[in-house]
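Containing PDB, C-alpha atoms, pLDDT in the B column: entry-v1.pdb.
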```pdb
MODEL        1
ATOM      1  CA  MET A   1     125.904 114.418  35.090  1.00 93.00           C
ATOM      2  CA  ILE A   2     124.878 114.664  38.759  1.00 96.00           C
ATOM      3  CA  ARG A   3     123.825 118.021  40.198  1.00 97.00           C
ATOM      4  CA  THR A   4     121.977 119.445  43.174  1.00 97.00           C
ATOM      5  CA  ALA A   5     118.261 119.428  42.446  1.00 97.00           C
ATOM      6  CA  ALA A   6     116.282 122.660  42.302  1.00 96.00           C
ATOM      7  CA  GLU A   7     112.590 123.528  42.595  1.00 96.00           C
ATOM      8  CA  GLN A   8     112.149 123.281  38.819  1.00 95.00           C
ATOM      9  CA  ASP A   9     113.119 119.587  39.102  1.00 96.00           C
ATOM     10  CA  PHE A  10     109.987 118.817  41.146  1.00 96.00           C
ATOM     11  CA  PRO A  11     108.046 117.479  38.090  1.00 95.00           C
ATOM     12  CA  GLY A  12     110.971 115.160  37.368  1.00 95.00           C
ATOM     13  CA  PHE A  13     110.680 113.635  40.845  1.00 96.00           C
ATOM     14  CA  LEU A  14     106.961 113.066  40.250  1.00 96.00           C
ATOM     15  CA  ASP A  15     107.709 111.434  36.913  1.00 95.00           C
ATOM     16  CA  LEU A  16     110.216 109.091  38.573  1.00 95.00           C
ATOM     17  CA  ALA A  17     107.706 108.309  41.336  1.00 95.00           C
ATOM     18  CA  SER A  18     105.099 107.367  38.721  1.00 94.00           C
ATOM     19  CA  GLN A  19     107.510 104.757  37.348  1.00 93.00           C
ATOM     20  CA  VAL A  20     107.813 102.889  40.668  1.00 90.00           C
ATOM     21  CA  GLU A  21     104.394 103.179  42.308  1.00 89.00           C
ATOM     22  CA  GLN A  22     103.696  99.530  41.494  1.00 86.00           C
ATOM     23  CA  TRP A  23     106.432  98.649  44.030  1.00 84.00           C
ATOM     24  CA  PHE A  24     106.272 101.505  46.559  1.00 82.00           C
ATOM     25  CA  GLY A  25     102.616 102.434  46.554  1.00 82.00           C
ATOM     26  CA  PRO A  26     101.062 105.802  45.678  1.00 86.00           C
ATOM     27  CA  MET A  27     103.299 108.859  45.686  1.00 92.00           C
ATOM     28  CA  VAL A  28     102.461 111.129  42.754  1.00 95.00           C
ATOM     29  CA  GLU A  29      99.114 112.277  44.193  1.00 93.00           C
ATOM     30  CA  VAL A  30     100.164 112.131  47.864  1.00 93.00           C
ATOM     31  CA  PRO A  31     100.678 115.577  49.471  1.00 94.00           C
ATOM     32  CA  GLY A  32     103.100 114.100  52.030  1.00 95.00           C
ATOM     33  CA  PHE A  33     105.391 112.930  49.227  1.00 96.00           C
ATOM     34  CA  HIS A  34     105.224 116.380  47.611  1.00 97.00           C
ATOM     35  CA  ASP A  35     106.104 117.961  50.962  1.00 97.00           C
ATOM     36  CA  ALA A  36     109.054 115.600  51.463  1.00 97.00           C
ATOM     37  CA  VAL A  37     110.483 116.303  48.004  1.00 98.00           C
ATOM     38  CA  ARG A  38     110.091 120.063  48.419  1.00 98.00           C
ATOM     39  CA  ALA A  39     111.702 119.971  51.881  1.00 98.00           C
ATOM     40  CA  HIS A  40     114.728 118.147  50.456  1.00 98.00           C
ATOM     41  CA  LEU A  41     114.917 120.635  47.571  1.00 98.00           C
ATOM     42  CA  ARG A  42     114.846 123.613  49.969  1.00 97.00           C
ATOM     43  CA  ALA A  43     117.524 122.023  52.164  1.00 97.00           C
ATOM     44  CA  SER A  44     119.725 121.277  49.102  1.00 97.00           C
ATOM     45  CA  MET A  45     119.658 117.596  50.084  1.00 98.00           C
ATOM     46  CA  ALA A  46     118.377 116.310  46.742  1.00 98.00           C
ATOM     47  CA  LEU A  47     120.344 115.262  43.688  1.00 98.00           C
ATOM     48  CA  VAL A  48     119.349 114.589  40.092  1.00 98.00           C
ATOM     49  CA  ALA A  49     121.087 112.718  37.335  1.00 97.00           C
ATOM     50  CA  VAL A  50     120.659 114.231  33.898  1.00 93.00           C
ATOM     51  CA  ASP A  51     121.844 113.001  30.541  1.00 89.00           C
ATOM     52  CA  PRO A  52     124.481 115.467  29.320  1.00 77.00           C
ATOM     53  CA  GLY A  53     123.985 114.343  25.735  1.00 67.00           C
ATOM     54  CA  PRO A  54     126.264 115.613  22.983  1.00 52.00           C
ATOM     55  CA  THR A  55     125.384 119.277  23.514  1.00 44.00           C
ATOM     56  CA  GLY A  56     124.633 119.676  27.206  1.00 44.00           C
ATOM     57  CA  PRO A  57     122.338 118.517  29.964  1.00 45.00           C
ATOM     58  CA  GLY A  58     119.287 117.649  27.899  1.00 44.00           C
ATOM     59  CA  PRO A  59     116.262 119.856  27.399  1.00 43.00           C
ATOM     60  CA  GLY A  60     116.370 121.311  30.893  1.00 44.00           C
ATOM     61  CA  PRO A  61     115.072 120.396  34.308  1.00 44.00           C
ATOM     62  CA  GLY A  62     112.029 118.287  34.850  1.00 43.00           C
ATOM     63  CA  PRO A  63     110.830 115.001  33.457  1.00 45.00           C
ATOM     64  CA  GLY A  64     112.132 115.480  29.920  1.00 50.00           C
ATOM     65  CA  PRO A  65     114.413 113.054  28.135  1.00 54.00           C
ATOM     66  CA  GLY A  66     117.460 114.317  30.048  1.00 79.00           C
ATOM     67  CA  PHE A  67     116.121 113.381  33.528  1.00 89.00           C
ATOM     68  CA  LEU A  68     117.593 109.991  34.564  1.00 96.00           C
ATOM     69  CA  GLY A  69     117.260 109.710  38.335  1.00 97.00           C
ATOM     70  CA  GLY A  70     116.800 111.403  41.661  1.00 98.00           C
ATOM     71  CA  LEU A  71     117.909 110.992  45.264  1.00 98.00           C
ATOM     72  CA  LEU A  72     116.662 112.485  48.545  1.00 98.00           C
ATOM     73  CA  PHE A  73     119.206 112.344  51.361  1.00 98.00           C
ATOM     74  CA  GLY A  74     119.437 113.144  55.036  1.00 97.00           C
ATOM     75  CA  ALA A  75     122.440 113.562  57.292  1.00 94.00           C
ATOM     76  CA  GLU A  76     122.464 113.649  61.067  1.00 92.00           C
ATOM     77  CA  PRO A  77     126.035 112.459  61.727  1.00 91.00           C
ATOM     78  CA  PRO A  78     127.024 109.867  62.567  1.00 95.00           C
ATOM     79  CA  SER A  79     123.885 108.598  60.818  1.00 96.00           C
ATOM     80  CA  HIS A  80     123.174 109.325  57.145  1.00 97.00           C
ATOM     81  CA  HIS A  81     120.011 108.245  55.342  1.00 97.00           C
ATOM     82  CA  VAL A  82     119.028 107.532  51.767  1.00 98.00           C
ATOM     83  CA  HIS A  83     115.412 108.656  51.976  1.00 97.00           C
ATOM     84  CA  TRP A  84     114.532 107.937  48.346  1.00 96.00           C
ATOM     85  CA  LEU A  85     116.481 106.843  45.275  1.00 97.00           C
ATOM     86  CA  VAL A  86     114.853 106.120  41.924  1.00 95.00           C
ATOM     87  CA  VAL A  87     116.368 105.701  38.482  1.00 94.00           C
ATOM     88  CA  SER A  88     114.192 106.094  35.374  1.00 94.00           C
ATOM     89  CA  ASP A  89     113.068 102.971  33.561  1.00 89.00           C
ATOM     90  CA  ARG A  90     115.310 103.721  30.587  1.00 90.00           C
ATOM     91  CA  ALA A  91     118.436 104.287  32.674  1.00 93.00           C
ATOM     92  CA  ARG A  92     118.290 101.333  35.092  1.00 89.00           C
ATOM     93  CA  GLY A  93     121.347  99.107  35.097  1.00 89.00           C
ATOM     94  CA  LYS A  94     123.561 101.789  33.536  1.00 92.00           C
ATOM     95  CA  GLY A  95     125.329 103.133  36.643  1.00 95.00           C
ATOM     96  CA  VAL A  96     123.011 106.064  37.370  1.00 96.00           C
ATOM     97  CA  GLY A  97     122.070 104.878  40.863  1.00 96.00           C
ATOM     98  CA  ARG A  98     125.710 104.157  41.673  1.00 97.00           C
ATOM     99  CA  ALA A  99     126.681 107.659  40.481  1.00 97.00           C
ATOM    100  CA  LEU A 100     123.950 109.277  42.600  1.00 98.00           C
ATOM    101  CA  MET A 101     125.107 107.352  45.675  1.00 98.00           C
ATOM    102  CA  ALA A 102     128.774 108.192  45.049  1.00 97.00           C
ATOM    103  CA  ASP A 103     127.968 111.894  44.721  1.00 98.00           C
ATOM    104  CA  ALA A 104     125.779 111.912  47.845  1.00 98.00           C
ATOM    105  CA  THR A 105     128.513 110.135  49.806  1.00 96.00           C
ATOM    106  CA  ARG A 106     131.156 112.588  48.599  1.00 96.00           C
ATOM    107  CA  ARG A 107     128.996 115.625  49.428  1.00 96.00           C
ATOM    108  CA  TRP A 108     127.393 114.699  52.714  1.00 96.00           C
ATOM    109  CA  VAL A 109     128.905 111.672  54.427  1.00 96.00           C
ATOM    110  CA  ARG A 110     131.620 112.110  57.030  1.00 90.00           C
ATOM    111  CA  GLY A 111     132.861 109.162  59.054  1.00 89.00           C
ATOM    112  CA  PRO A 112     132.999 107.518  61.306  1.00 95.00           C
ATOM    113  CA  GLY A 113     129.359 106.658  60.981  1.00 96.00           C
ATOM    114  CA  ARG A 114     126.880 104.778  58.866  1.00 97.00           C
ATOM    115  CA  ILE A 115     124.611 105.141  55.874  1.00 98.00           C
ATOM    116  CA  GLU A 116     121.172 103.555  56.144  1.00 98.00           C
ATOM    117  CA  VAL A 117     118.396 102.905  53.690  1.00 97.00           C
ATOM    118  CA  VAL A 118     115.070 101.139  54.009  1.00 96.00           C
ATOM    119  CA  THR A 119     114.333  98.943  51.027  1.00 93.00           C
ATOM    120  CA  PHE A 120     112.196  95.936  50.180  1.00 92.00           C
ATOM    121  CA  GLY A 121     112.123  92.909  52.434  1.00 93.00           C
ATOM    122  CA  ALA A 122     113.387  89.685  50.862  1.00 91.00           C
ATOM    123  CA  ASP A 123     109.804  88.419  50.355  1.00 91.00           C
ATOM    124  CA  HIS A 124     108.504  91.606  48.659  1.00 89.00           C
ATOM    125  CA  PRO A 125     107.590  91.127  44.972  1.00 82.00           C
ATOM    126  CA  GLY A 126     109.524  94.289  44.098  1.00 82.00           C
ATOM    127  CA  ALA A 127     112.739  93.039  45.728  1.00 84.00           C
ATOM    128  CA  ALA A 128     113.872  91.058  42.697  1.00 82.00           C
ATOM    129  CA  ALA A 129     112.036  93.046  40.012  1.00 81.00           C
ATOM    130  CA  SER A 130     113.524  96.376  41.079  1.00 84.00           C
ATOM    131  CA  GLY A 131     116.987  95.039  41.870  1.00 87.00           C
ATOM    132  CA  ALA A 132     117.117  97.299  44.939  1.00 90.00           C
ATOM    133  CA  ARG A 133     118.461  94.764  47.425  1.00 92.00           C
ATOM    134  CA  VAL A 134     121.213  93.600  45.069  1.00 93.00           C
ATOM    135  CA  PHE A 135     122.034  97.226  44.227  1.00 94.00           C
ATOM    136  CA  TYR A 136     122.633  98.156  47.861  1.00 96.00           C
ATOM    137  CA  GLU A 137     124.537  94.939  48.590  1.00 95.00           C
ATOM    138  CA  ARG A 138     126.893  95.698  45.685  1.00 95.00           C
ATOM    139  CA  LEU A 139     127.536  99.098  47.274  1.00 96.00           C
ATOM    140  CA  GLY A 140     128.609  97.428  50.511  1.00 96.00           C
ATOM    141  CA  PHE A 141     125.343  97.677  52.446  1.00 97.00           C
ATOM    142  CA  LEU A 142     124.382  94.772  54.685  1.00 97.00           C
ATOM    143  CA  PRO A 143     120.825  93.663  55.488  1.00 96.00           C
ATOM    144  CA  ALA A 144     119.869  94.601  59.048  1.00 97.00           C
ATOM    145  CA  GLU A 145     116.640  94.654  61.051  1.00 97.00           C
ATOM    146  CA  PRO A 146     113.138  94.607  59.559  1.00 95.00           C
ATOM    147  CA  ALA A 147     111.418  97.974  59.121  1.00 95.00           C
ATOM    148  CA  GLU A 148     107.767  99.007  59.172  1.00 94.00           C
ATOM    149  CA  PRO A 149     105.807  97.778  56.126  1.00 91.00           C
ATOM    150  CA  GLY A 150     105.549 100.137  53.164  1.00 85.00           C
ATOM    151  CA  PRO A 151     102.382 102.084  52.309  1.00 81.00           C
ATOM    152  CA  GLU A 152     101.309  99.283  49.975  1.00 79.00           C
ATOM    153  CA  GLY A 153     101.664  96.786  52.869  1.00 82.00           C
ATOM    154  CA  GLY A 154     104.827  95.088  51.611  1.00 86.00           C
ATOM    155  CA  SER A 155     107.740  94.139  53.819  1.00 93.00           C
ATOM    156  CA  ARG A 156     110.707  96.457  54.290  1.00 94.00           C
ATOM    157  CA  GLN A 157     114.219  96.010  55.670  1.00 96.00           C
ATOM    158  CA  VAL A 158     116.970  98.355  56.809  1.00 97.00           C
ATOM    159  CA  PHE A 159     120.268  98.064  54.942  1.00 98.00           C
ATOM    160  CA  ARG A 160     123.331  99.647  56.566  1.00 98.00           C
ATOM    161  CA  ARG A 161     126.893 100.479  55.506  1.00 97.00           C
ATOM    162  CA  THR A 162     129.601 101.490  57.955  1.00 96.00           C
ATOM    163  CA  VAL A 163     131.709 104.499  57.009  1.00 95.00           C
ATOM    164  CA  ALA A 164     135.201 104.786  58.470  1.00 91.00           C
TER
ENDMDL
END
```
Will you turn the file into structure tokens for me?
Amino acid sequence: MIRTAAEQDFPGFLDLASQVEQWFGPMVEVPGFHDAVRAHLRASMALVAVDPGPTGPGPGPGPGPGFLGGLLFGAEPPSHHVHWLVVSDRARGKGVGRALMADATRRWVRGPGRIEVVTFGADHPGAAASGARVFYERLGFLPAEPAEPGPEGGSRQVFRRTVA
């Protein structure tokens, strides 16, 4: 189940961040990351994926067993931006990222325009391990220009999808 994230989901975003710091660099202890997550929560531009389980959406908000993924989004039409998308280790490859992107597109994207995301450059060690580049390509994004290196010093690249 995808829903708009709320302040009580903040620990869940930190838990997700802790699972990908080896690729993206430090986030959990970085005040700027905290500020960015909270700003998206206040603006209602954050989504979470929770496991509905047999009796409802898991044990509640936060990093518990029901928390599967999170997305931070920005929209300044005609440009829309995936600021951050992470799926929990246990839910990767099961359609959670695709569901988050579909919900964000339905909620916030109006064409004509484009959706952009900055992800790993082709030579980054996390590019293959995370599956991020392939994920975005399967969603119709095309590799575009290089972007500034990530905080860990690794290469980054803009991926872009046109929206009619």
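On the file presented, the PyMOL selection byres ((chain A and resi 41-47) around 8) picks out A:Ile2, A:Arg3, A:Thr4, A:Ala5, A:Ala6, A:Glu7, A:Val37, A:Arg38, A:Ala39, A:His40, A:Val48, A:Ala49, A:Gly70, A:Leu71, A:Leu72, A:Phe73, A:Gly74, A:Leu100, A:Ala104.
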Surrounding residues of Asp123 (chain A) excluding itself and chain neighbours under 2 positions, 10 Å, all atoms listed in the file, as number ranges by chain: A: 120-121, 125-128, 154-156
Resolved residues for the PyMOL selection byres ((chain A and resi 81-94) around 10) as a JSON list (two decimals) with C-alpha atoms, in the frame of the given file:
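Just written: result.json:
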```
[["chain", "number", "residue", "atom", "x", "y", "z"],
["A", 12, "GLY", "CA", 110.97, 115.16, 37.37],
["A", 13, "PHE", "CA", 110.68, 113.64, 40.84],
["A", 15, "ASP", "CA", 107.71, 111.43, 36.91],
["A", 16, "LEU", "CA", 110.22, 109.09, 38.57],
["A", 17, "ALA", "CA", 107.71, 108.31, 41.34],
["A", 18, "SER", "CA", 105.10, 107.37, 38.72],
["A", 19, "GLN", "CA", 107.51, 104.76, 37.35],
["A", 20, "VAL", "CA", 107.81, 102.89, 40.67],
["A", 36, "ALA", "CA", 109.05, 115.60, 51.46],
["A", 37, "VAL", "CA", 110.48, 116.30, 48.00],
["A", 40, "HIS", "CA", 114.73, 118.15, 50.46],
["A", 46, "ALA", "CA", 118.38, 116.31, 46.74],
["A", 47, "LEU", "CA", 120.34, 115.26, 43.69],
["A", 48, "VAL", "CA", 119.35, 114.59, 40.09],
["A", 49, "ALA", "CA", 121.09, 112.72, 37.34],
["A", 51, "ASP", "CA", 121.84, 113.00, 30.54],
["A", 63, "PRO", "CA", 110.83, 115.00, 33.46],
["A", 65, "PRO", "CA", 114.41, 113.05, 28.14],
["A", 67, "PHE", "CA", 116.12, 113.38, 33.53],
["A", 68, "LEU", "CA", 117.59, 109.99, 34.56],
["A", 69, "GLY", "CA", 117.26, 109.71, 38.34],
["A", 70, "GLY", "CA", 116.80, 111.40, 41.66],
["A", 71, "LEU", "CA", 117.91, 110.99, 45.26],
["A", 72, "LEU", "CA", 116.66, 112.48, 48.54],
["A", 73, "PHE", "CA", 119.21, 112.34, 51.36],
["A", 74, "GLY", "CA", 119.44, 113.14, 55.04],
["A", 75, "ALA", "CA", 122.44, 113.56, 57.29],
["A", 76, "GLU", "CA", 122.46, 113.65, 61.07],
["A", 77, "PRO", "CA", 126.04, 112.46, 61.73],
["A", 79, "SER", "CA", 123.88, 108.60, 60.82],
["A", 80, "HIS", "CA", 123.17, 109.32, 57.14],
["A", 95, "GLY", "CA", 125.33, 103.13, 36.64],
["A", 96, "VAL", "CA", 123.01, 106.06, 37.37],
["A", 97, "GLY", "CA", 122.07, 104.88, 40.86],
["A", 98, "ARG", "CA", 125.71, 104.16, 41.67],
["A", 99, "ALA", "CA", 126.68, 107.66, 40.48],
["A", 100, "LEU", "CA", 123.95, 109.28, 42.60],
["A", 101, "MET", "CA", 125.11, 107.35, 45.68],
["A", 104, "ALA", "CA", 125.78, 111.91, 47.84],
["A", 109, "VAL", "CA", 128.90, 111.67, 54.43],
["A", 114, "ARG", "CA", 126.88, 104.78, 58.87],
["A", 115, "ILE", "CA", 124.61, 105.14, 55.87],
["A", 116, "GLU", "CA", 121.17, 103.56, 56.14],
["A", 117, "VAL", "CA", 118.40, 102.90, 53.69],
["A", 118, "VAL", "CA", 115.07, 101.14, 54.01],
["A", 119, "THR", "CA", 114.33, 98.94, 51.03],
["A", 130, "SER", "CA", 113.52, 96.38, 41.08],
["A", 131, "GLY", "CA", 116.99, 95.04, 41.87],
["A", 132, "ALA", "CA", 117.12, 97.30, 44.94],
["A", 135, "PHE", "CA", 122.03, 97.23, 44.23],
["A", 160, "ARG", "CA", 123.33, 99.65, 56.57]]
```
Given all atoms listed in the file as the counted atoms, nearest of A:Pro143, A:Gly111, A:Gly153, A:Gly66 to His124 (chain A): A:Gly153
Atomic distance CA of Pro52 (chain A) - CA of Glu21 (chain A), expressed in Å with one decimal: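 Those two atoms sit 26.9 Å apart.
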d(CA of Met27 (chain A), CA of Val134 (chain A)) in Å: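 Computing the Euclidean distance for CA of Met27 (chain A) and CA of Val134 (chain A) yields 23.5 Å.
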Point-to-point distance in Å for CA of Thr162 (chain A) and CA of Tyr136 (chain A): 12.7 Å
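The shortest atom-to-atom distance to Leu142 (chain A), with all atoms listed in the file taken into account, belongs to A:Val158 out of A:Arg110, A:Phe24, A:Ala122, A:Val158.
The nearest approach to Phe159 (chain A) among the residues A:Pro112, A:Pro146, A:Gly25, A:Gly32, with only C-alpha atoms taken into account, belongs to A:Pro146.
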Centre and edge lengths of an axis-aligned box around all listed atoms of region 92-97 of chain A, with 5 Å added on each side, are to be given in Å to one decimal, as lines of an AutoDock Vina configuration file.
```
center_x = 121.8
center_y = 102.6
center_z = 37.2
size_x = 17.0
size_y = 17.0
size_z = 17.3
```
